[in-house]
file run25.pdb (PDB, C-alpha atoms and all ligand atoms)
ATOM      1  CA  MET A1202      88.297  95.782 108.575  1.00  0.00           C
ATOM      2  CA  THR A1203      88.550  98.715 106.211  1.00  0.00           C
ATOM      3  CA  SER A1204      91.779 100.616 106.042  1.00  0.00           C
ATOM      4  CA  ALA A1205      91.400 104.377 106.342  1.00  0.00           C
ATOM      5  CA  ASP A1206      92.540 104.846 102.752  1.00  0.00           C
ATOM      6  CA  SER A1207      89.736 102.771 101.295  1.00  0.00           C
ATOM      7  CA  ALA A1208      86.929 104.814 102.897  1.00  0.00           C
ATOM      8  CA  MET A1209      84.605 106.185 100.231  1.00  0.00           C
ATOM      9  CA  VAL A1210      84.031 109.248 102.391  1.00  0.00           C
ATOM     10  CA  ARG A1211      85.465 110.405 105.691  1.00  0.00           C
ATOM     11  CA  CYS A1212      83.859 113.268 107.645  1.00  0.00           C
ATOM     12  CA  ALA A1213      85.712 114.885 110.533  1.00  0.00           C
ATOM     13  CA  GLN A1214      83.766 117.272 112.762  1.00  0.00           C
ATOM     14  CA  VAL A1215      81.725 118.355 109.790  1.00  0.00           C
ATOM     15  CA  ALA A1216      79.343 121.288 110.236  1.00  0.00           C
ATOM     16  CA  ARG A1217      76.951 123.266 108.079  1.00  0.00           C
ATOM     17  CA  THR A1218      75.210 126.382 109.353  1.00  0.00           C
ATOM     18  CA  PHE A1219      72.776 128.314 107.157  1.00  0.00           C
ATOM     19  CA  GLY A1220      72.592 132.074 107.638  1.00  0.00           C
ATOM     20  CA  ASP A1221      74.278 133.936 110.473  1.00  0.00           C
ATOM     21  CA  GLY A1222      73.645 135.906 113.625  1.00  0.00           C
ATOM     22  CA  ALA A1223      70.298 135.396 115.333  1.00  0.00           C
ATOM     23  CA  ALA A1224      68.844 133.791 112.178  1.00  0.00           C
ATOM     24  CA  ALA A1225      71.547 131.107 111.908  1.00  0.00           C
ATOM     25  CA  VAL A1226      70.298 127.519 111.559  1.00  0.00           C
ATOM     26  CA  VAL A1227      72.721 124.756 112.505  1.00  0.00           C
ATOM     27  CA  ALA A1228      71.727 122.000 110.064  1.00  0.00           C
ATOM     28  CA  VAL A1229      74.711 119.688 110.712  1.00  0.00           C
ATOM     29  CA  HIS A1230      76.943 119.827 113.746  1.00  0.00           C
ATOM     30  CA  GLU A1231      80.271 118.048 114.488  1.00  0.00           C
ATOM     31  CA  VAL A1232      79.557 114.937 112.447  1.00  0.00           C
ATOM     32  CA  SER A1233      82.431 112.489 112.226  1.00  0.00           C
ATOM     33  CA  CYS A1234      81.869 109.337 110.221  1.00  0.00           C
ATOM     34  CA  GLU A1235      83.303 107.034 107.606  1.00  0.00           C
ATOM     35  CA  VAL A1236      81.516 105.316 104.732  1.00  0.00           C
ATOM     36  CA  PRO A1237      83.357 102.068 104.002  1.00  0.00           C
ATOM     37  CA  PRO A1238      83.280 100.332 100.608  1.00  0.00           C
ATOM     38  CA  GLY A1239      80.170  98.173 100.294  1.00  0.00           C
ATOM     39  CA  ALA A1240      78.311 100.101 103.017  1.00  0.00           C
ATOM     40  CA  ARG A1241      74.505  99.744 103.101  1.00  0.00           C
ATOM     41  CA  ILE A1242      73.442 102.506 105.460  1.00  0.00           C
ATOM     42  CA  ALA A1243      69.958 103.727 106.402  1.00  0.00           C
ATOM     43  CA  LEU A1244      70.173 107.355 107.556  1.00  0.00           C
ATOM     44  CA  THR A1245      67.210 107.981 109.839  1.00  0.00           C
ATOM     45  CA  GLY A1246      65.994 110.807 112.041  1.00  0.00           C
ATOM     46  CA  PRO A1247      63.085 113.224 112.261  1.00  0.00           C
ATOM     47  CA  SER A1248      62.327 115.871 109.671  1.00  0.00           C
ATOM     48  CA  GLY A1249      64.750 118.771 110.059  1.00  0.00           C
ATOM     49  CA  SER A1250      67.429 116.657 111.768  1.00  0.00           C
ATOM     50  CA  GLY A1251      69.949 117.309 108.975  1.00  0.00           C
ATOM     51  CA  LYS A1252      69.716 114.179 106.788  1.00  0.00           C
ATOM     52  CA  SER A1253      69.481 116.002 103.444  1.00  0.00           C
ATOM     53  CA  THR A1254      72.211 118.454 104.395  1.00  0.00           C
ATOM     54  CA  LEU A1255      74.561 115.627 105.440  1.00  0.00           C
ATOM     55  CA  LEU A1256      73.907 113.730 102.187  1.00  0.00           C
ATOM     56  CA  HIS A1257      74.572 116.886 100.161  1.00  0.00           C
ATOM     57  CA  LEU A1258      77.826 117.457 102.079  1.00  0.00           C
ATOM     58  CA  ILE A1259      78.910 113.842 101.521  1.00  0.00           C
ATOM     59  CA  GLY A1260      78.056 114.271  97.826  1.00  0.00           C
ATOM     60  CA  GLY A1261      80.170 117.422  97.596  1.00  0.00           C
ATOM     61  CA  LEU A1262      77.085 119.480  96.677  1.00  0.00           C
ATOM     62  CA  GLU A1263      77.071 121.721  99.730  1.00  0.00           C
ATOM     63  CA  THR A1264      79.774 123.911 101.259  1.00  0.00           C
ATOM     64  CA  LEU A1265      81.092 123.092 104.712  1.00  0.00           C
ATOM     65  CA  THR A1266      81.116 125.710 107.444  1.00  0.00           C
ATOM     66  CA  GLY A1267      83.298 123.550 109.707  1.00  0.00           C
ATOM     67  CA  GLY A1268      85.387 120.387 109.725  1.00  0.00           C
ATOM     68  CA  THR A1269      86.703 118.451 106.761  1.00  0.00           C
ATOM     69  CA  ILE A1270      85.451 115.869 104.289  1.00  0.00           C
ATOM     70  CA  THR A1271      87.730 113.682 102.223  1.00  0.00           C
ATOM     71  CA  TRP A1272      86.907 111.039  99.624  1.00  0.00           C
ATOM     72  CA  PRO A1273      90.024 108.810  99.696  1.00  0.00           C
ATOM     73  CA  GLY A1274      88.358 105.706  98.209  1.00  0.00           C
ATOM     74  CA  LEU A1275      86.843 107.812  95.426  1.00  0.00           C
ATOM     75  CA  GLY A1276      90.173 109.288  94.395  1.00  0.00           C
ATOM     76  CA  GLY A1277      89.448 112.789  95.709  1.00  0.00           C
ATOM     77  CA  PRO A1278      86.575 115.261  95.670  1.00  0.00           C
ATOM     78  CA  PRO A1279      83.644 114.088  93.515  1.00  0.00           C
ATOM     79  CA  HIS A1280      82.793 117.521  92.087  1.00  0.00           C
ATOM     80  CA  GLY A1281      82.351 117.480  88.345  1.00  0.00           C
ATOM     81  CA  ARG A1282      83.578 113.890  87.933  1.00  0.00           C
ATOM     82  CA  ALA A1283      81.380 111.308  86.284  1.00  0.00           C
ATOM     83  CA  GLY A1284      80.987 107.800  87.669  1.00  0.00           C
ATOM     84  CA  VAL A1285      81.816 108.753  91.237  1.00  0.00           C
ATOM     85  CA  ILE A1286      78.621 109.621  93.118  1.00  0.00           C
ATOM     86  CA  GLY A1287      75.013 109.058  92.061  1.00  0.00           C
ATOM     87  CA  MET A1288      72.462 111.189  93.889  1.00  0.00           C
ATOM     88  CA  ILE A1289      68.711 110.662  94.152  1.00  0.00           C
ATOM     89  CA  PHE A1290      67.230 113.917  95.431  1.00  0.00           C
ATOM     90  CA  GLN A1291      64.387 114.316  97.896  1.00  0.00           C
ATOM     91  CA  GLY A1292      61.275 115.382  95.989  1.00  0.00           C
ATOM     92  CA  PRO A1293      60.486 115.253  92.266  1.00  0.00           C
ATOM     93  CA  SER A1294      63.581 115.891  90.173  1.00  0.00           C
ATOM     94  CA  LEU A1295      62.896 114.630  86.645  1.00  0.00           C
ATOM     95  CA  LEU A1296      62.800 117.371  84.024  1.00  0.00           C
ATOM     96  CA  PRO A1297      59.154 117.536  82.896  1.00  0.00           C
ATOM     97  CA  THR A1298      59.813 118.339  79.223  1.00  0.00           C
ATOM     98  CA  LEU A1299      62.219 115.433  78.672  1.00  0.00           C
ATOM     99  CA  ASN A1300      61.096 111.835  78.322  1.00  0.00           C
ATOM    100  CA  VAL A1301      62.476 109.071  80.527  1.00  0.00           C
ATOM    101  CA  ILE A1302      65.423 108.085  78.376  1.00  0.00           C
ATOM    102  CA  GLU A1303      66.394 111.737  77.860  1.00  0.00           C
ATOM    103  CA  ASN A1304      66.233 112.326  81.624  1.00  0.00           C
ATOM    104  CA  VAL A1305      68.448 109.323  82.327  1.00  0.00           C
ATOM    105  CA  ALA A1306      70.905 110.250  79.547  1.00  0.00           C
ATOM    106  CA  LEU A1307      71.172 113.925  80.532  1.00  0.00           C
ATOM    107  CA  PRO A1308      73.892 113.647  83.223  1.00  0.00           C
ATOM    108  CA  LEU A1309      75.942 111.461  80.864  1.00  0.00           C
ATOM    109  CA  ARG A1310      75.654 114.127  78.174  1.00  0.00           C
ATOM    110  CA  PHE A1311      76.703 116.794  80.672  1.00  0.00           C
ATOM    111  CA  ASP A1312      79.738 114.622  81.375  1.00  0.00           C
ATOM    112  CA  GLY A1313      80.646 114.808  77.695  1.00  0.00           C
ATOM    113  CA  VAL A1314      79.431 111.363  76.615  1.00  0.00           C
ATOM    114  CA  PRO A1315      78.343 111.558  72.922  1.00  0.00           C
ATOM    115  CA  SER A1316      74.560 111.553  72.649  1.00  0.00           C
ATOM    116  CA  ALA A1317      74.179 108.192  70.878  1.00  0.00           C
ATOM    117  CA  THR A1318      76.386 106.500  73.497  1.00  0.00           C
ATOM    118  CA  ALA A1319      74.569 108.278  76.333  1.00  0.00           C
ATOM    119  CA  ASP A1320      71.178 107.140  74.990  1.00  0.00           C
ATOM    120  CA  ASP A1321      72.467 103.593  74.621  1.00  0.00           C
ATOM    121  CA  ARG A1322      73.804 103.524  78.188  1.00  0.00           C
ATOM    122  CA  ALA A1323      70.549 105.051  79.466  1.00  0.00           C
ATOM    123  CA  ALA A1324      68.541 102.384  77.627  1.00  0.00           C
ATOM    124  CA  ARG A1325      70.694  99.608  79.067  1.00  0.00           C
ATOM    125  CA  THR A1326      70.296 101.044  82.574  1.00  0.00           C
ATOM    126  CA  LEU A1327      66.495 101.157  82.199  1.00  0.00           C
ATOM    127  CA  ASP A1328      66.614  97.574  80.994  1.00  0.00           C
ATOM    128  CA  ARG A1329      68.712  96.439  83.984  1.00  0.00           C
ATOM    129  CA  LEU A1330      66.244  98.118  86.352  1.00  0.00           C
ATOM    130  CA  GLY A1331      63.289  96.435  84.632  1.00  0.00           C
ATOM    131  CA  ILE A1332      61.691  99.645  83.330  1.00  0.00           C
ATOM    132  CA  ALA A1333      62.698  99.615  79.654  1.00  0.00           C
ATOM    133  CA  GLU A1334      59.047  99.999  78.656  1.00  0.00           C
ATOM    134  CA  LEU A1335      58.953 103.479  80.220  1.00  0.00           C
ATOM    135  CA  ALA A1336      61.673 104.886  77.935  1.00  0.00           C
ATOM    136  CA  SER A1337      59.518 107.196  75.828  1.00  0.00           C
ATOM    137  CA  ARG A1338      57.122 108.369  78.552  1.00  0.00           C
ATOM    138  CA  LEU A1339      57.085 111.878  79.959  1.00  0.00           C
ATOM    139  CA  PRO A1340      57.457 112.276  83.754  1.00  0.00           C
ATOM    140  CA  GLU A1341      53.785 113.291  84.059  1.00  0.00           C
ATOM    141  CA  GLU A1342      52.831 109.890  82.642  1.00  0.00           C
ATOM    142  CA  LEU A1343      54.617 107.994  85.447  1.00  0.00           C
ATOM    143  CA  SER A1344      53.369 106.797  88.822  1.00  0.00           C
ATOM    144  CA  GLY A1345      55.314 107.885  91.906  1.00  0.00           C
ATOM    145  CA  GLY A1346      57.061 104.530  92.104  1.00  0.00           C
ATOM    146  CA  GLN A1347      57.972 104.600  88.409  1.00  0.00           C
ATOM    147  CA  SER A1348      59.345 108.159  88.755  1.00  0.00           C
ATOM    148  CA  GLN A1349      61.582 107.103  91.598  1.00  0.00           C
ATOM    149  CA  ARG A1350      62.859 104.087  89.665  1.00  0.00           C
ATOM    150  CA  VAL A1351      63.722 106.446  86.798  1.00  0.00           C
ATOM    151  CA  ALA A1352      65.501 108.725  89.299  1.00  0.00           C
ATOM    152  CA  VAL A1353      67.481 105.664  90.449  1.00  0.00           C
ATOM    153  CA  ALA A1354      68.314 104.852  86.815  1.00  0.00           C
ATOM    154  CA  ARG A1355      69.526 108.429  86.262  1.00  0.00           C
ATOM    155  CA  ALA A1356      71.711 108.212  89.386  1.00  0.00           C
ATOM    156  CA  VAL A1357      73.304 104.884  88.470  1.00  0.00           C
ATOM    157  CA  ALA A1358      73.697 105.265  84.680  1.00  0.00           C
ATOM    158  CA  SER A1359      77.228 106.628  85.128  1.00  0.00           C
ATOM    159  CA  ARG A1360      78.102 103.556  87.266  1.00  0.00           C
ATOM    160  CA  PRO A1361      78.936 105.495  90.467  1.00  0.00           C
ATOM    161  CA  LYS A1362      80.918 104.037  93.357  1.00  0.00           C
ATOM    162  CA  LEU A1363      78.674 105.686  95.963  1.00  0.00           C
ATOM    163  CA  ILE A1364      74.880 106.045  95.716  1.00  0.00           C
ATOM    164  CA  LEU A1365      73.143 108.641  97.905  1.00  0.00           C
ATOM    165  CA  ALA A1366      69.343 108.367  97.995  1.00  0.00           C
ATOM    166  CA  ASP A1367      67.515 111.085  99.910  1.00  0.00           C
ATOM    167  CA  GLU A1368      64.116 109.792 101.094  1.00  0.00           C
ATOM    168  CA  PRO A1369      63.581 107.988  97.781  1.00  0.00           C
ATOM    169  CA  THR A1370      60.408 106.343  99.104  1.00  0.00           C
ATOM    170  CA  GLY A1371      58.987 109.338 100.959  1.00  0.00           C
ATOM    171  CA  ARG A1372      55.869 109.749  98.834  1.00  0.00           C
ATOM    172  CA  LEU A1373      55.263 106.108  97.926  1.00  0.00           C
ATOM    173  CA  ASP A1374      52.929 103.439  99.272  1.00  0.00           C
ATOM    174  CA  HIS A1375      54.532 100.438 100.985  1.00  0.00           C
ATOM    175  CA  ARG A1376      54.581  98.193  97.951  1.00  0.00           C
ATOM    176  CA  ALA A1377      56.148 100.779  95.625  1.00  0.00           C
ATOM    177  CA  ALA A1378      58.559 101.823  98.393  1.00  0.00           C
ATOM    178  CA  GLY A1379      59.706  98.249  98.902  1.00  0.00           C
ATOM    179  CA  HIS A1380      60.254  97.866  95.174  1.00  0.00           C
ATOM    180  CA  VAL A1381      62.366 101.048  94.931  1.00  0.00           C
ATOM    181  CA  ILE A1382      64.560  99.855  97.814  1.00  0.00           C
ATOM    182  CA  SER A1383      65.006  96.491  96.095  1.00  0.00           C
ATOM    183  CA  VAL A1384      66.054  98.265  92.899  1.00  0.00           C
ATOM    184  CA  LEU A1385      68.547 100.413  94.829  1.00  0.00           C
ATOM    185  CA  LEU A1386      70.039  97.421  96.655  1.00  0.00           C
ATOM    186  CA  GLU A1387      70.332  95.438  93.403  1.00  0.00           C
ATOM    187  CA  ALA A1388      71.951  98.391  91.609  1.00  0.00           C
ATOM    188  CA  ALA A1389      74.431  98.874  94.468  1.00  0.00           C
ATOM    189  CA  ASP A1390      75.297  95.155  94.425  1.00  0.00           C
ATOM    190  CA  GLU A1391      75.707  95.125  90.658  1.00  0.00           C
ATOM    191  CA  LEU A1392      77.940  98.222  90.691  1.00  0.00           C
ATOM    192  CA  ASP A1393      79.782  97.117  93.835  1.00  0.00           C
ATOM    193  CA  ALA A1394      78.904 100.575  95.150  1.00  0.00           C
ATOM    194  CA  ALA A1395      78.298 101.849  98.667  1.00  0.00           C
ATOM    195  CA  LEU A1396      74.737 102.997  99.382  1.00  0.00           C
ATOM    196  CA  ILE A1397      73.220 105.465 101.844  1.00  0.00           C
ATOM    197  CA  VAL A1398      69.435 105.827 101.947  1.00  0.00           C
ATOM    198  CA  SER A1399      67.794 108.444 104.136  1.00  0.00           C
ATOM    199  CA  THR A1400      64.320 107.514 105.347  1.00  0.00           C
ATOM    200  CA  HIS A1401      61.680 108.167 107.973  1.00  0.00           C
ATOM    201  CA  ASP A1402      60.297 104.688 107.605  1.00  0.00           C
ATOM    202  CA  ALA A1403      61.451 101.999 110.055  1.00  0.00           C
ATOM    203  CA  GLU A1404      60.477  99.199 107.658  1.00  0.00           C
ATOM    204  CA  ILE A1405      62.584 100.724 104.893  1.00  0.00           C
ATOM    205  CA  ALA A1406      65.496 101.297 107.287  1.00  0.00           C
ATOM    206  CA  ALA A1407      65.293  97.637 108.307  1.00  0.00           C
ATOM    207  CA  ARG A1408      66.083  96.595 104.712  1.00  0.00           C
ATOM    208  CA  LEU A1409      69.638  97.935 105.183  1.00  0.00           C
ATOM    209  CA  PRO A1410      72.081  96.340 107.628  1.00  0.00           C
ATOM    210  CA  GLN A1411      73.585  99.550 109.040  1.00  0.00           C
ATOM    211  CA  ARG A1412      71.683 102.405 110.616  1.00  0.00           C
ATOM    212  CA  TRP A1413      72.843 105.943 111.325  1.00  0.00           C
ATOM    213  CA  THR A1414      70.464 108.122 113.313  1.00  0.00           C
ATOM    214  CA  MET A1415      70.505 111.925 113.299  1.00  0.00           C
ATOM    215  CA  SER A1416      69.000 114.261 115.825  1.00  0.00           C
ATOM    216  CA  ASP A1417      69.343 118.038 115.842  1.00  0.00           C
ATOM    217  CA  GLY A1418      72.121 117.961 113.249  1.00  0.00           C
ATOM    218  CA  ALA A1419      74.265 115.412 115.082  1.00  0.00           C
ATOM    219  CA  LEU A1420      74.857 111.762 114.291  1.00  0.00           C
ATOM    220  CA  SER A1421      73.449 110.379 117.518  1.00  0.00           C
ATOM    221  CA  SER A1422      73.956 106.681 116.908  1.00  0.00           C
ATOM    222  CA  ARG A1423      75.470 104.185 114.503  1.00  0.00           C
ATOM    223  CA  GLU A1424      74.350 100.575 114.667  1.00  0.00           C
ATOM    224  CA  VAL A1425      74.633  97.379 112.742  1.00  0.00           C
ATOM    225  CA  HIS A1426      71.612  95.109 112.911  1.00  0.00           C
ATOM    226  CA  SER A1427      70.774  91.832 111.290  1.00  0.00           C
ATOM    227  CA  ARG A1428      68.171  91.700 108.543  1.00  0.00           C
TER     228      ARG A1428
HETATM  229  N1  LIG A1501      69.203 126.027 102.225  1.00  0.00           N
HETATM  230  C1  LIG A1501      68.820 126.169 103.507  1.00  0.00           C
HETATM  231  N2  LIG A1501      68.697 127.404 104.061  1.00  0.00           N
HETATM  232  C2  LIG A1501      68.343 127.536 105.350  1.00  0.00           C
HETATM  233  N3  LIG A1501      68.077 126.515 106.188  1.00  0.00           N
HETATM  234  C3  LIG A1501      68.180 125.275 105.683  1.00  0.00           C
HETATM  235  C4  LIG A1501      68.545 125.025 104.329  1.00  0.00           C
HETATM  236  N4  LIG A1501      68.577 123.690 104.138  1.00  0.00           N
HETATM  237  C5  LIG A1501      68.221 123.123 105.310  1.00  0.00           C
HETATM  238  N5  LIG A1501      67.993 124.069 106.234  1.00  0.00           N
HETATM  239  C6  LIG A1501      67.618 123.827 107.636  1.00  0.00           C
HETATM  240  O1  LIG A1501      68.546 122.906 108.185  1.00  0.00           O
HETATM  241  C7  LIG A1501      67.900 121.975 109.037  1.00  0.00           C
HETATM  242  C8  LIG A1501      68.146 120.568 108.525  1.00  0.00           C
HETATM  243  O2  LIG A1501      67.460 120.418 107.284  1.00  0.00           O
HETATM  244  P1  LIG A1501      67.560 119.098 106.398  1.00  0.00           P
HETATM  245  O3  LIG A1501      68.976 118.753 106.204  1.00  0.00           O
HETATM  246  O4  LIG A1501      66.721 119.342 105.202  1.00  0.00           O
HETATM  247  O5  LIG A1501      66.880 118.009 107.365  1.00  0.00           O
HETATM  248  P2  LIG A1501      66.105 116.643 106.993  1.00  0.00           P
HETATM  249  O6  LIG A1501      66.547 116.233 105.640  1.00  0.00           O
HETATM  250  O7  LIG A1501      66.502 115.689 108.082  1.00  0.00           O
HETATM  251  O8  LIG A1501      64.639 116.963 107.045  1.00  0.00           O
HETATM  252  C9  LIG A1501      66.428 122.372 109.062  1.00  0.00           C
HETATM  253  O9  LIG A1501      66.216 123.214 110.185  1.00  0.00           O
HETATM  254  C10 LIG A1501      66.273 123.136 107.779  1.00  0.00           C
HETATM  255  O10 LIG A1501      65.219 124.083 107.871  1.00  0.00           O
HETATM  256 MG    MG A1502      65.501 115.855 103.925  1.00  0.00          MG
END

call {"tool": "encode", "arguments": {"input": "run25.pdb", "output": "structure tokens"}}
result
Amino acid sequence: MTSADSAMVRCAQVARTFGDGAAAVVAVHEVSCEVPPGARIALTGPSGSGKSTLLHLIGGLETLTGGTITWPGLGGPPHGRAGVIGMIFQGPSLLPTLNVIENVALPLRFDGVPSATADDRAARTLDRLGIAELASRLPEELSGGQSQRVAVARAVASRPKLILADEPTGRLDHRAAGHVISVLLEAADELDAALIVSTHDAEIAARLPQRWTMSDGALSSREVHSR
């Protein structure tokens, strides 16, 4: 259905090895895949199977040690370009000394958006995600679920075409986890963006129609299932 040129990302025999010699760790090995526009992919697999490394490679944040990655549907490599890829990192990533709106506005400011405009766009993003009332809180004043919704807001404030969420629900209870996934799916729909969510949780994975499974650094299966 998708022509090759419209793929957001195409990976061909992609590999990433950390270290060398006897200490080398093969994190990702010969992964070939394509992320079509509008994709809603759950990336599953046990801890250490290479999910974070693959997401970082797809996001252009990690150097390849083999193969090639191209971003034809994104107009080329995403590095240093605003509004292309939004990343939600595994683990806490909000800056503790900045309040919520400052955290969400920060990447926009780094991209050269004037501060008043960045704050306005951050405020509108918080509003769209239903968390406007958190704007002046510090990260330490947020619950886990609220923190992750702010991390989603920060990732989508630049209106990216591809959203990469690395275990965004890993430390949340079921209710908060379900809410964060809803927010991600709504943001992806609103932006007409592709979405990849890595997760351990089968219930979370079942919220997305496509599933990629990793084992030992390889993409061992790709399935489409009905919701
Ligand atoms: N920066 C790094 N340096 C060395 N080894 C790493 C690094 N990042 C990941 N690894 C190793 O690569 C493998 C895959 O890790 P990762 O991509 O984090 O898997 P997952 O996200 O599925 O838990 C693991 O064995 C991990 O220890
Ligand atoms: Mg990981």

call {"tool": "residues_near_ligand", "arguments": {"input": "run25.pdb", "ligand": "ligand MG 1502 (chain A)", "cutoff": "8 Å", "atoms": "only C-alpha atoms and all ligand atoms", "output": "list in words"}}
result
Ser1248, Gly1249, Gly1251, Lys1252, Ser1253, Thr1254, Gln1291, Asp1367, Glu1368 and Ser1399 of chain A

call {"tool": "closest_residue", "arguments": {"input": "run25.pdb", "among": "A:Leu1299, A:Cys1212, A:Leu1255, A:Ala1358", "to": "A:Glu1235", "atoms": "only C-alpha atoms"}}
result
A:Cys1212

call {"tool": "residues_around", "arguments": {"input": "run25.pdb", "residues": "A:Ala1336", "least_positions_apart": "2", "cutoff": "6 Å", "atoms": "all atoms listed in the file", "output": "PyMOL selection string"}}
result
chain A and resi 1301-1302+1333-1334+1338

call {"tool": "resolve_selection", "arguments": {"input": "run25.pdb", "expression": "the PyMOL selection byres (((not hetatm)) within 12 of (chain A and resi 1501))", "output": "MDAnalysis selection string"}}
result
chainID A and resid 1216:1221 1224:1230 1244:1258 1262:1264 1290:1292 1366:1369 1371 1398:1401 1414:1420

call {"tool": "resolve_selection", "arguments": {"input": "run25.pdb", "expression": "the PyMOL selection byres (((chain A and resi 1406) around 12) and not hetatm)", "output": "JSON, numbers by chain"}}
result
{"A": [1241, 1242, 1243, 1244, 1245, 1246, 1368, 1369, 1370, 1378, 1379, 1382, 1397, 1398, 1399, 1400, 1401, 1402, 1403, 1404, 1405, 1407, 1408, 1409, 1410, 1411, 1412, 1413, 1414, 1424, 1425, 1426, 1427, 1428]}

call {"tool": "write_last_selection", "arguments": {"input": "run25.pdb", "atoms": "C-alpha atoms", "output": "compact mmCIF listing (two decimals), keeping the file's coordinate frame"}}
result
# COMPACT_ATOMS: atom_id res chain seq x y z
CA ARG A 1241 74.50 99.74 103.10
CA ILE A 1242 73.44 102.51 105.46
CA ALA A 1243 69.96 103.73 106.40
CA LEU A 1244 70.17 107.36 107.56
CA THR A 1245 67.21 107.98 109.84
CA GLY A 1246 65.99 110.81 112.04
CA GLU A 1368 64.12 109.79 101.09
CA PRO A 1369 63.58 107.99 97.78
CA THR A 1370 60.41 106.34 99.10
CA ALA A 1378 58.56 101.82 98.39
CA GLY A 1379 59.71 98.25 98.90
CA ILE A 1382 64.56 99.86 97.81
CA ILE A 1397 73.22 105.46 101.84
CA VAL A 1398 69.44 105.83 101.95
CA SER A 1399 67.79 108.44 104.14
CA THR A 1400 64.32 107.51 105.35
CA HIS A 1401 61.68 108.17 107.97
CA ASP A 1402 60.30 104.69 107.60
CA ALA A 1403 61.45 102.00 110.06
CA GLU A 1404 60.48 99.20 107.66
CA ILE A 1405 62.58 100.72 104.89
CA ALA A 1407 65.29 97.64 108.31
CA ARG A 1408 66.08 96.60 104.71
CA LEU A 1409 69.64 97.94 105.18
CA PRO A 1410 72.08 96.34 107.63
CA GLN A 1411 73.58 99.55 109.04
CA ARG A 1412 71.68 102.40 110.62
CA TRP A 1413 72.84 105.94 111.32
CA THR A 1414 70.46 108.12 113.31
CA GLU A 1424 74.35 100.58 114.67
CA VAL A 1425 74.63 97.38 112.74
CA HIS A 1426 71.61 95.11 112.91
CA SER A 1427 70.77 91.83 111.29
CA ARG A 1428 68.17 91.70 108.54

call {"tool": "closest_residue", "arguments": {"input": "run25.pdb", "among": "A:Arg1355, A:Ser1344, A:Leu1296, A:Asp1312", "to": "A:Thr1326", "atoms": "all atoms listed in the file"}}
result
A:Arg1355

call {"tool": "closest_residue", "arguments": {"input": "run25.pdb", "among": "A:Gly1261, A:Gly1331, A:Pro1237, A:Pro1315", "to": "A:Val1384", "atoms": "all atoms listed in the file"}}
result
A:Gly1331

call {"tool": "atom_distance", "arguments": {"input": "run25.pdb", "atom1": "atom CA of A:Leu1330", "atom2": "atom CA of A:Phe1311"}}
result
22.1 Å

call {"tool": "atom_distance", "arguments": {"input": "run25.pdb", "atom1": "atom CA of A:Asp1393", "atom2": "atom CA of A:Gly1274"}}
result
12.9 Å

call {"tool": "closest_residue", "arguments": {"input": "run25.pdb", "among": "A:Pro1278, A:Pro1273, A:Pro1361, A:Gly1268", "to": "A:Val1236", "atoms": "only C-alpha atoms"}}
result
A:Pro1273

call {"tool": "closest_residue", "arguments": {"input": "run25.pdb", "among": "A:Ser1359, A:Ser1337, A:Ser1294, A:Gln1347", "to": "A:Arg1376", "atoms": "all atoms listed in the file"}}
result
A:Gln1347

call {"tool": "closest_residue", "arguments": {"input": "run25.pdb", "among": "A:Ala1352, A:Ile1270, A:Leu1385, A:Ala1317", "to": "A:Asn1304", "atoms": "all atoms listed in the file"}}
result
A:Ala1352

call {"tool": "resolve_selection", "arguments": {"input": "run25.pdb", "expression": "the PyMOL selection byres (((chain A and resi 1209) around 10) and not hetatm)", "output": "list of chain:residue names"}}
result
A:Ala1205, A:Asp1206, A:Ser1207, A:Ala1208, A:Val1210, A:Arg1211, A:Glu1235, A:Val1236, A:Pro1237, A:Pro1238, A:Gly1239, A:Ala1240, A:Ile1259, A:Thr1271, A:Trp1272, A:Pro1273, A:Gly1274, A:Leu1275, A:Gly1276, A:Gly1277, A:Val1285, A:Ile1286, A:Lys1362, A:Leu1363, A:Ala1394, A:Ala1395

call {"tool": "atom_distance", "arguments": {"input": "run25.pdb", "atom1": "atom CA of A:Ala1389", "atom2": "atom CA of A:Leu1265"}}
result
27.1 Å

call {"tool": "residues_around", "arguments": {"input": "run25.pdb", "residues": "A:Gly1260", "least_positions_apart": "5", "cutoff": "8 Å", "atoms": "only C-alpha atoms", "output": "compact mmCIF listing (two decimals) with C-alpha atoms, in the frame of the given file"}}
result
# COMPACT_ATOMS: atom_id res chain seq x y z
CA PRO A 1279 83.64 114.09 93.52
CA ILE A 1286 78.62 109.62 93.12
CA MET A 1288 72.46 111.19 93.89
CA LEU A 1365 73.14 108.64 97.90
